[in-house]
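Structure file coords28.pdb; described as PDB, N, CA and C atoms.
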ATOM      1  N   MET A 219     -10.767  10.494  14.701
ATOM      2  CA  MET A 219     -10.784   9.149  14.169
ATOM      3  C   MET A 219     -11.909   8.945  13.174
ATOM      4  N   ALA A 220     -12.928   9.737  13.206
ATOM      5  CA  ALA A 220     -14.043   9.559  12.293
ATOM      6  C   ALA A 220     -13.590   9.665  10.847
ATOM      7  N   LYS A 221     -12.687  10.593  10.560
ATOM      8  CA  LYS A 221     -12.188  10.751   9.197
ATOM      9  C   LYS A 221     -11.474   9.479   8.747
ATOM     10  N   LYS A 222     -10.684   8.888   9.639
ATOM     11  CA  LYS A 222      -9.957   7.667   9.330
ATOM     12  C   LYS A 222     -10.920   6.516   9.042
ATOM     13  N   ASP A 223     -11.999   6.429   9.815
ATOM     14  CA  ASP A 223     -12.964   5.352   9.644
ATOM     15  C   ASP A 223     -13.674   5.430   8.294
ATOM     16  N   LYS A 224     -13.845   6.639   7.750
ATOM     17  CA  LYS A 224     -14.551   6.821   6.489
ATOM     18  C   LYS A 224     -13.655   6.616   5.273
ATOM     19  N   ALA A 225     -12.340   6.634   5.457
ATOM     20  CA  ALA A 225     -11.405   6.514   4.339
ATOM     21  C   ALA A 225     -11.438   5.097   3.762
ATOM     22  N   GLN A 226     -11.264   5.030   2.462
ATOM     23  CA  GLN A 226     -11.177   3.725   1.807
ATOM     24  C   GLN A 226      -9.891   3.043   2.258
ATOM     25  N   ARG A 227      -9.952   1.772   2.533
ATOM     26  CA  ARG A 227      -8.809   1.033   3.067
ATOM     27  C   ARG A 227      -8.331   0.010   2.052
ATOM     28  N   PHE A 228      -7.037  -0.262   2.052
ATOM     29  CA  PHE A 228      -6.431  -1.273   1.195
ATOM     30  C   PHE A 228      -5.626  -2.223   2.058
ATOM     31  N   THR A 229      -5.565  -3.473   1.651
ATOM     32  CA  THR A 229      -4.709  -4.449   2.303
ATOM     33  C   THR A 229      -3.505  -4.665   1.394
ATOM     34  N   VAL A 230      -2.326  -4.570   1.983
ATOM     35  CA  VAL A 230      -1.088  -4.695   1.221
ATOM     36  C   VAL A 230      -0.239  -5.785   1.849
ATOM     37  N   ALA A 231       0.271  -6.684   1.034
ATOM     38  CA  ALA A 231       1.174  -7.723   1.528
ATOM     39  C   ALA A 231       2.612  -7.283   1.248
ATOM     40  N   VAL A 232       3.457  -7.382   2.247
ATOM     41  CA  VAL A 232       4.862  -7.029   2.093
ATOM     42  C   VAL A 232       5.727  -8.158   2.633
ATOM     43  N   SER A 233       6.936  -8.247   2.129
ATOM     44  CA  SER A 233       7.905  -9.203   2.656
ATOM     45  C   SER A 233       8.905  -8.433   3.504
ATOM     46  N   VAL A 234       9.124  -8.906   4.713
ATOM     47  CA  VAL A 234      10.059  -8.252   5.619
ATOM     48  C   VAL A 234      10.969  -9.288   6.255
ATOM     49  N   ASP A 235      12.099  -8.836   6.724
ATOM     50  CA  ASP A 235      13.049  -9.685   7.425
ATOM     51  C   ASP A 235      12.402 -10.194   8.719
ATOM     52  N   LYS A 236      12.440 -11.487   8.960
ATOM     53  CA  LYS A 236      11.776 -12.077  10.126
ATOM     54  C   LYS A 236      12.315 -11.516  11.430
ATOM     55  N   GLU A 237      13.625 -11.393  11.546
ATOM     56  CA  GLU A 237      14.215 -10.893  12.792
ATOM     57  C   GLU A 237      13.757  -9.452  13.066
ATOM     58  N   ALA A 238      13.736  -8.619  12.020
ATOM     59  CA  ALA A 238      13.288  -7.238  12.181
ATOM     60  C   ALA A 238      11.801  -7.199  12.549
ATOM     61  N   PHE A 239      10.998  -8.024  11.875
ATOM     62  CA  PHE A 239       9.564  -8.058  12.176
ATOM     63  C   PHE A 239       9.323  -8.479  13.618
ATOM     64  N   ASP A 240      10.017  -9.530  14.053
ATOM     65  CA  ASP A 240       9.836 -10.010  15.428
ATOM     66  C   ASP A 240      10.175  -8.916  16.438
ATOM     67  N   CYS A 241      11.241  -8.176  16.181
ATOM     68  CA  CYS A 241      11.643  -7.086  17.071
ATOM     69  C   CYS A 241      10.554  -6.016  17.136
ATOM     70  N   VAL A 242      10.063  -5.602  15.968
ATOM     71  CA  VAL A 242       9.013  -4.573  15.917
ATOM     72  C   VAL A 242       7.727  -5.097  16.548
ATOM     73  N   LYS A 243       7.388  -6.345  16.292
ATOM     74  CA  LYS A 243       6.162  -6.941  16.844
ATOM     75  C   LYS A 243       6.194  -6.953  18.371
ATOM     76  N   VAL A 244       7.315  -7.351  18.940
ATOM     77  CA  VAL A 244       7.443  -7.371  20.408
ATOM     78  C   VAL A 244       7.310  -5.948  20.953
ATOM     79  N   PHE A 245       7.959  -4.978  20.302
ATOM     80  CA  PHE A 245       7.863  -3.580  20.722
ATOM     81  C   PHE A 245       6.418  -3.099  20.665
ATOM     82  N   CYS A 246       5.734  -3.409  19.561
ATOM     83  CA  CYS A 246       4.334  -2.997  19.412
ATOM     84  C   CYS A 246       3.453  -3.648  20.468
ATOM     85  N   ASP A 247       3.682  -4.921  20.739
ATOM     86  CA  ASP A 247       2.904  -5.609  21.775
ATOM     87  C   ASP A 247       3.089  -4.935  23.135
ATOM     88  N   LYS A 248       4.327  -4.556  23.450
ATOM     89  CA  LYS A 248       4.615  -3.920  24.732
ATOM     90  C   LYS A 248       3.976  -2.536  24.835
ATOM     91  N   THR A 249       3.862  -1.845  23.703
ATOM     92  CA  THR A 249       3.320  -0.483  23.721
ATOM     93  C   THR A 249       1.826  -0.438  23.436
ATOM     94  N   GLY A 250       1.228  -1.596  23.139
ATOM     95  CA  GLY A 250      -0.205  -1.642  22.881
ATOM     96  C   GLY A 250      -0.601  -1.212  21.476
ATOM     97  N   GLN A 251       0.347  -1.162  20.580
ATOM     98  CA  GLN A 251       0.094  -0.775  19.185
ATOM     99  C   GLN A 251       0.163  -2.028  18.322
ATOM    100  N   ASP A 252      -0.729  -2.141  17.331
ATOM    101  CA  ASP A 252      -0.592  -3.277  16.426
ATOM    102  C   ASP A 252       0.290  -2.860  15.252
ATOM    103  N   VAL A 253       0.955  -3.816  14.645
ATOM    104  CA  VAL A 253       1.894  -3.539  13.557
ATOM    105  C   VAL A 253       1.176  -2.863  12.394
ATOM    106  N   SER A 254      -0.018  -3.313  12.072
ATOM    107  CA  SER A 254      -0.776  -2.720  10.976
ATOM    108  C   SER A 254      -1.048  -1.241  11.239
ATOM    109  N   GLY A 255      -1.425  -0.909  12.460
ATOM    110  CA  GLY A 255      -1.674   0.480  12.822
ATOM    111  C   GLY A 255      -0.418   1.323  12.730
ATOM    112  N   LEU A 256       0.711   0.737  13.123
ATOM    113  CA  LEU A 256       1.990   1.437  13.048
ATOM    114  C   LEU A 256       2.339   1.763  11.600
ATOM    115  N   VAL A 257       2.192   0.783  10.721
ATOM    116  CA  VAL A 257       2.490   0.992   9.297
ATOM    117  C   VAL A 257       1.512   1.998   8.695
ATOM    118  N   ASP A 258       0.239   1.903   9.056
ATOM    119  CA  ASP A 258      -0.759   2.834   8.556
ATOM    120  C   ASP A 258      -0.425   4.264   8.979
ATOM    121  N   THR A 259      -0.056   4.452  10.231
ATOM    122  CA  THR A 259       0.311   5.773  10.731
ATOM    123  C   THR A 259       1.516   6.315   9.973
ATOM    124  N   TYR A 260       2.498   5.458   9.736
ATOM    125  CA  TYR A 260       3.702   5.869   9.005
ATOM    126  C   TYR A 260       3.354   6.279   7.573
ATOM    127  N   PHE A 261       2.519   5.504   6.896
ATOM    128  CA  PHE A 261       2.099   5.841   5.531
ATOM    129  C   PHE A 261       1.345   7.171   5.504
ATOM    130  N   GLN A 262       0.475   7.389   6.475
ATOM    131  CA  GLN A 262      -0.270   8.647   6.531
ATOM    132  C   GLN A 262       0.678   9.831   6.720
ATOM    133  N   ALA A 263       1.676   9.658   7.578
ATOM    134  CA  ALA A 263       2.651  10.726   7.802
ATOM    135  C   ALA A 263       3.440  11.007   6.523
ATOM    136  N   MET A 264       3.854   9.950   5.835
ATOM    137  CA  MET A 264       4.575  10.138   4.573
ATOM    138  C   MET A 264       3.692  10.839   3.544
ATOM    139  N   ALA A 265       2.439  10.434   3.442
ATOM    140  CA  ALA A 265       1.526  11.041   2.466
ATOM    141  C   ALA A 265       1.342  12.529   2.747
ATOM    142  N   ARG A 266       1.179  12.888   4.017
ATOM    143  CA  ARG A 266       1.034  14.312   4.359
ATOM    144  C   ARG A 266       2.281  15.087   3.973
ATOM    145  N   THR A 267       3.448  14.522   4.257
ATOM    146  CA  THR A 267       4.703  15.199   3.932
ATOM    147  C   THR A 267       4.863  15.341   2.429
ATOM    148  N   ILE A 268       4.555  14.300   1.668
ATOM    149  CA  ILE A 268       4.640  14.353   0.206
ATOM    150  C   ILE A 268       3.769  15.480  -0.333
ATOM    151  N   LYS A 269       2.563  15.591   0.194
ATOM    152  CA  LYS A 269       1.643  16.635  -0.278
ATOM    153  C   LYS A 269       2.115  18.030   0.133
ATOM    154  N   VAL A 270       2.572  18.165   1.371
ATOM    155  CA  VAL A 270       2.983  19.475   1.873
ATOM    156  C   VAL A 270       4.180  20.025   1.100
ATOM    157  N   VAL A 271       5.144  19.175   0.792
ATOM    158  CA  VAL A 271       6.335  19.663   0.081
ATOM    159  C   VAL A 271       6.149  19.665  -1.435
ATOM    160  N   GLY A 272       5.008  19.180  -1.899
ATOM    161  CA  GLY A 272       4.689  19.265  -3.320
ATOM    162  C   GLY A 272       5.250  18.163  -4.195
ATOM    163  N   LEU A 273       5.739  17.092  -3.591
ATOM    164  CA  LEU A 273       6.296  16.007  -4.408
ATOM    165  C   LEU A 273       5.227  15.241  -5.173
ATOM    166  N   ASP A 274       3.976  15.351  -4.747
ATOM    167  CA  ASP A 274       2.903  14.681  -5.489
ATOM    168  C   ASP A 274       2.674  15.364  -6.832
ATOM    169  N   LYS A 275       3.145  16.583  -6.982
ATOM    170  CA  LYS A 275       2.996  17.329  -8.241
ATOM    171  C   LYS A 275       4.274  17.288  -9.087
ATOM    172  N   LYS A 276       5.386  16.882  -8.492
ATOM    173  CA  LYS A 276       6.676  16.861  -9.171
ATOM    174  C   LYS A 276       6.758  15.663 -10.109
ATOM    175  N   LYS A 277       7.230  15.890 -11.332
ATOM    176  CA  LYS A 277       7.302  14.796 -12.307
ATOM    177  C   LYS A 277       8.541  13.934 -12.126
ATOM    178  N   ASP A 278       9.662  14.546 -11.809
ATOM    179  CA  ASP A 278      10.921  13.805 -11.701
ATOM    180  C   ASP A 278      11.342  13.654 -10.248
ATOM    181  N   VAL A 279      10.791  12.657  -9.589
ATOM    182  CA  VAL A 279      11.195  12.400  -8.210
ATOM    183  C   VAL A 279      12.360  11.424  -8.212
ATOM    184  N   THR A 280      13.168  11.486  -7.182
ATOM    185  CA  THR A 280      14.366  10.657  -7.094
ATOM    186  C   THR A 280      14.338   9.810  -5.836
ATOM    187  N   ARG A 281      15.284   8.904  -5.752
ATOM    188  CA  ARG A 281      15.415   8.104  -4.532
ATOM    189  C   ARG A 281      15.780   9.000  -3.343
ATOM    190  N   ALA A 282      16.509  10.051  -3.602
ATOM    191  CA  ALA A 282      16.849  10.997  -2.532
ATOM    192  C   ALA A 282      15.574  11.641  -1.992
ATOM    193  N   ASP A 283      14.629  11.970  -2.886
ATOM    194  CA  ASP A 283      13.346  12.511  -2.437
ATOM    195  C   ASP A 283      12.640  11.510  -1.531
ATOM    196  N   LEU A 284      12.656  10.245  -1.924
ATOM    197  CA  LEU A 284      12.014   9.204  -1.120
ATOM    198  C   LEU A 284      12.666   9.100   0.248
ATOM    199  N   LEU A 285      13.975   9.135   0.295
ATOM    200  CA  LEU A 285      14.686   9.043   1.562
ATOM    201  C   LEU A 285      14.337  10.225   2.470
ATOM    202  N   ARG A 286      14.321  11.433   1.909
ATOM    203  CA  ARG A 286      13.972  12.611   2.702
ATOM    204  C   ARG A 286      12.546  12.499   3.254
ATOM    205  N   ILE A 287      11.623  12.042   2.415
ATOM    206  CA  ILE A 287      10.223  11.894   2.847
ATOM    207  C   ILE A 287      10.115  10.811   3.918
ATOM    208  N   ALA A 288      10.811   9.711   3.723
ATOM    209  CA  ALA A 288      10.764   8.620   4.696
ATOM    210  C   ALA A 288      11.271   9.099   6.056
ATOM    211  N   LEU A 289      12.355   9.843   6.058
ATOM    212  CA  LEU A 289      12.899  10.337   7.319
ATOM    213  C   LEU A 289      11.981  11.372   7.966
ATOM    214  N   ARG A 290      11.382  12.235   7.174
ATOM    215  CA  ARG A 290      10.444  13.211   7.724
ATOM    216  C   ARG A 290       9.213  12.501   8.294
ATOM    217  N   GLY A 291       8.780  11.427   7.603
ATOM    218  CA  GLY A 291       7.637  10.659   8.102
ATOM    219  C   GLY A 291       7.931  10.028   9.452
ATOM    220  N   VAL A 292       9.149   9.527   9.625
ATOM    221  CA  VAL A 292       9.540   8.942  10.895
ATOM    222  C   VAL A 292       9.554  10.016  11.979
ATOM    223  N   CYS A 293      10.053  11.189  11.634
ATOM    224  CA  CYS A 293      10.124  12.285  12.617
ATOM    225  C   CYS A 293       8.731  12.741  13.028
ATOM    226  N   GLU A 294       7.776  12.740  12.084
ATOM    227  CA  GLU A 294       6.428  13.205  12.390
ATOM    228  C   GLU A 294       5.663  12.185  13.199
ATOM    229  N   SER A 295       5.886  10.913  12.921
ATOM    230  CA  SER A 295       5.137   9.849  13.561
ATOM    231  C   SER A 295       5.559   9.713  15.031
ATOM    232  N   PRO A 296       4.618   9.622  15.941
ATOM    233  CA  PRO A 296       4.978   9.509  17.361
ATOM    234  C   PRO A 296       5.606   8.174  17.697
TER
END
Take the structure from the file and write it as structure tokens.
Amino acid sequence: MAKKDKAQRFTVAVSVDKEAFDCVKVFCDKTGQDVSGLVDTYFQAMARTIKVVGLDKKKDVTRADLLRIALRGVCESP
């Protein structure tokens, strides 16, 4: 966790469907995870996958690339 604490942090505002947010929020409350932490973990997993497969160096990325990365990020995230 020390590495995470030293990283520069950003606050991002997003718009989400209320019903979906409420469902995720209740799940997070039951599991002891906060929504912000869940999103942060997911972003970190996606970033690692992007770097590992080399998409950060690729000039012509596609929506299919994004979908593959998003799904791999979900699989990696506990």
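Taking atom N of A:Gln262 as the reference point, atom CA of A:Lys275 is found at 17.9 Å.
Atom pair atom CA of A:Ala263 / atom CA of A:Arg281 has a distance of 17.9 Å (rounded to one decimal).
Atom C of A:Asp252 is positioned 27.3 Å from atom CA of A:Asp274.
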Using 6 Å of padding on each side, determine the axis-aligned box around all atoms of stretch 234-237 of chain A present in the file and give its centre and edge lengths in Å to one decimal, as JSON.
{"center_x": 11.7, "center_y": -10.2, "center_z": 8.9, "size_x": 17.1, "size_y": 15.8, "size_z": 20.4}
For a quick check of understanding, using only C-alpha atoms, which of A:Lys243, A:Ala225, A:Ser233, A:Asp283 has the smallest distance to A:Leu256?
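Selected residue with least distance to A:Leu256: A:Lys243.
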Output as a ChimeraX atom specification all residues of chain A that backbone DSSP marks as alpha helix (DSSP H).
/A:220-224,236-249,253-271,281-294
Between A:Val257, A:Ile287, A:Gln226, A:Thr280, which residue has the minimum interatomic distance to A:Phe239, considering only C-alpha atoms?
A:Val257
Which residue is closest to A:Leu289? Choose from A:Met264, A:Val253, A:Val271, A:Val242 and count only N, CA and C atoms.
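Comparing A:Met264, A:Val253, A:Val271, A:Val242 against A:Leu289, the winner is A:Met264.
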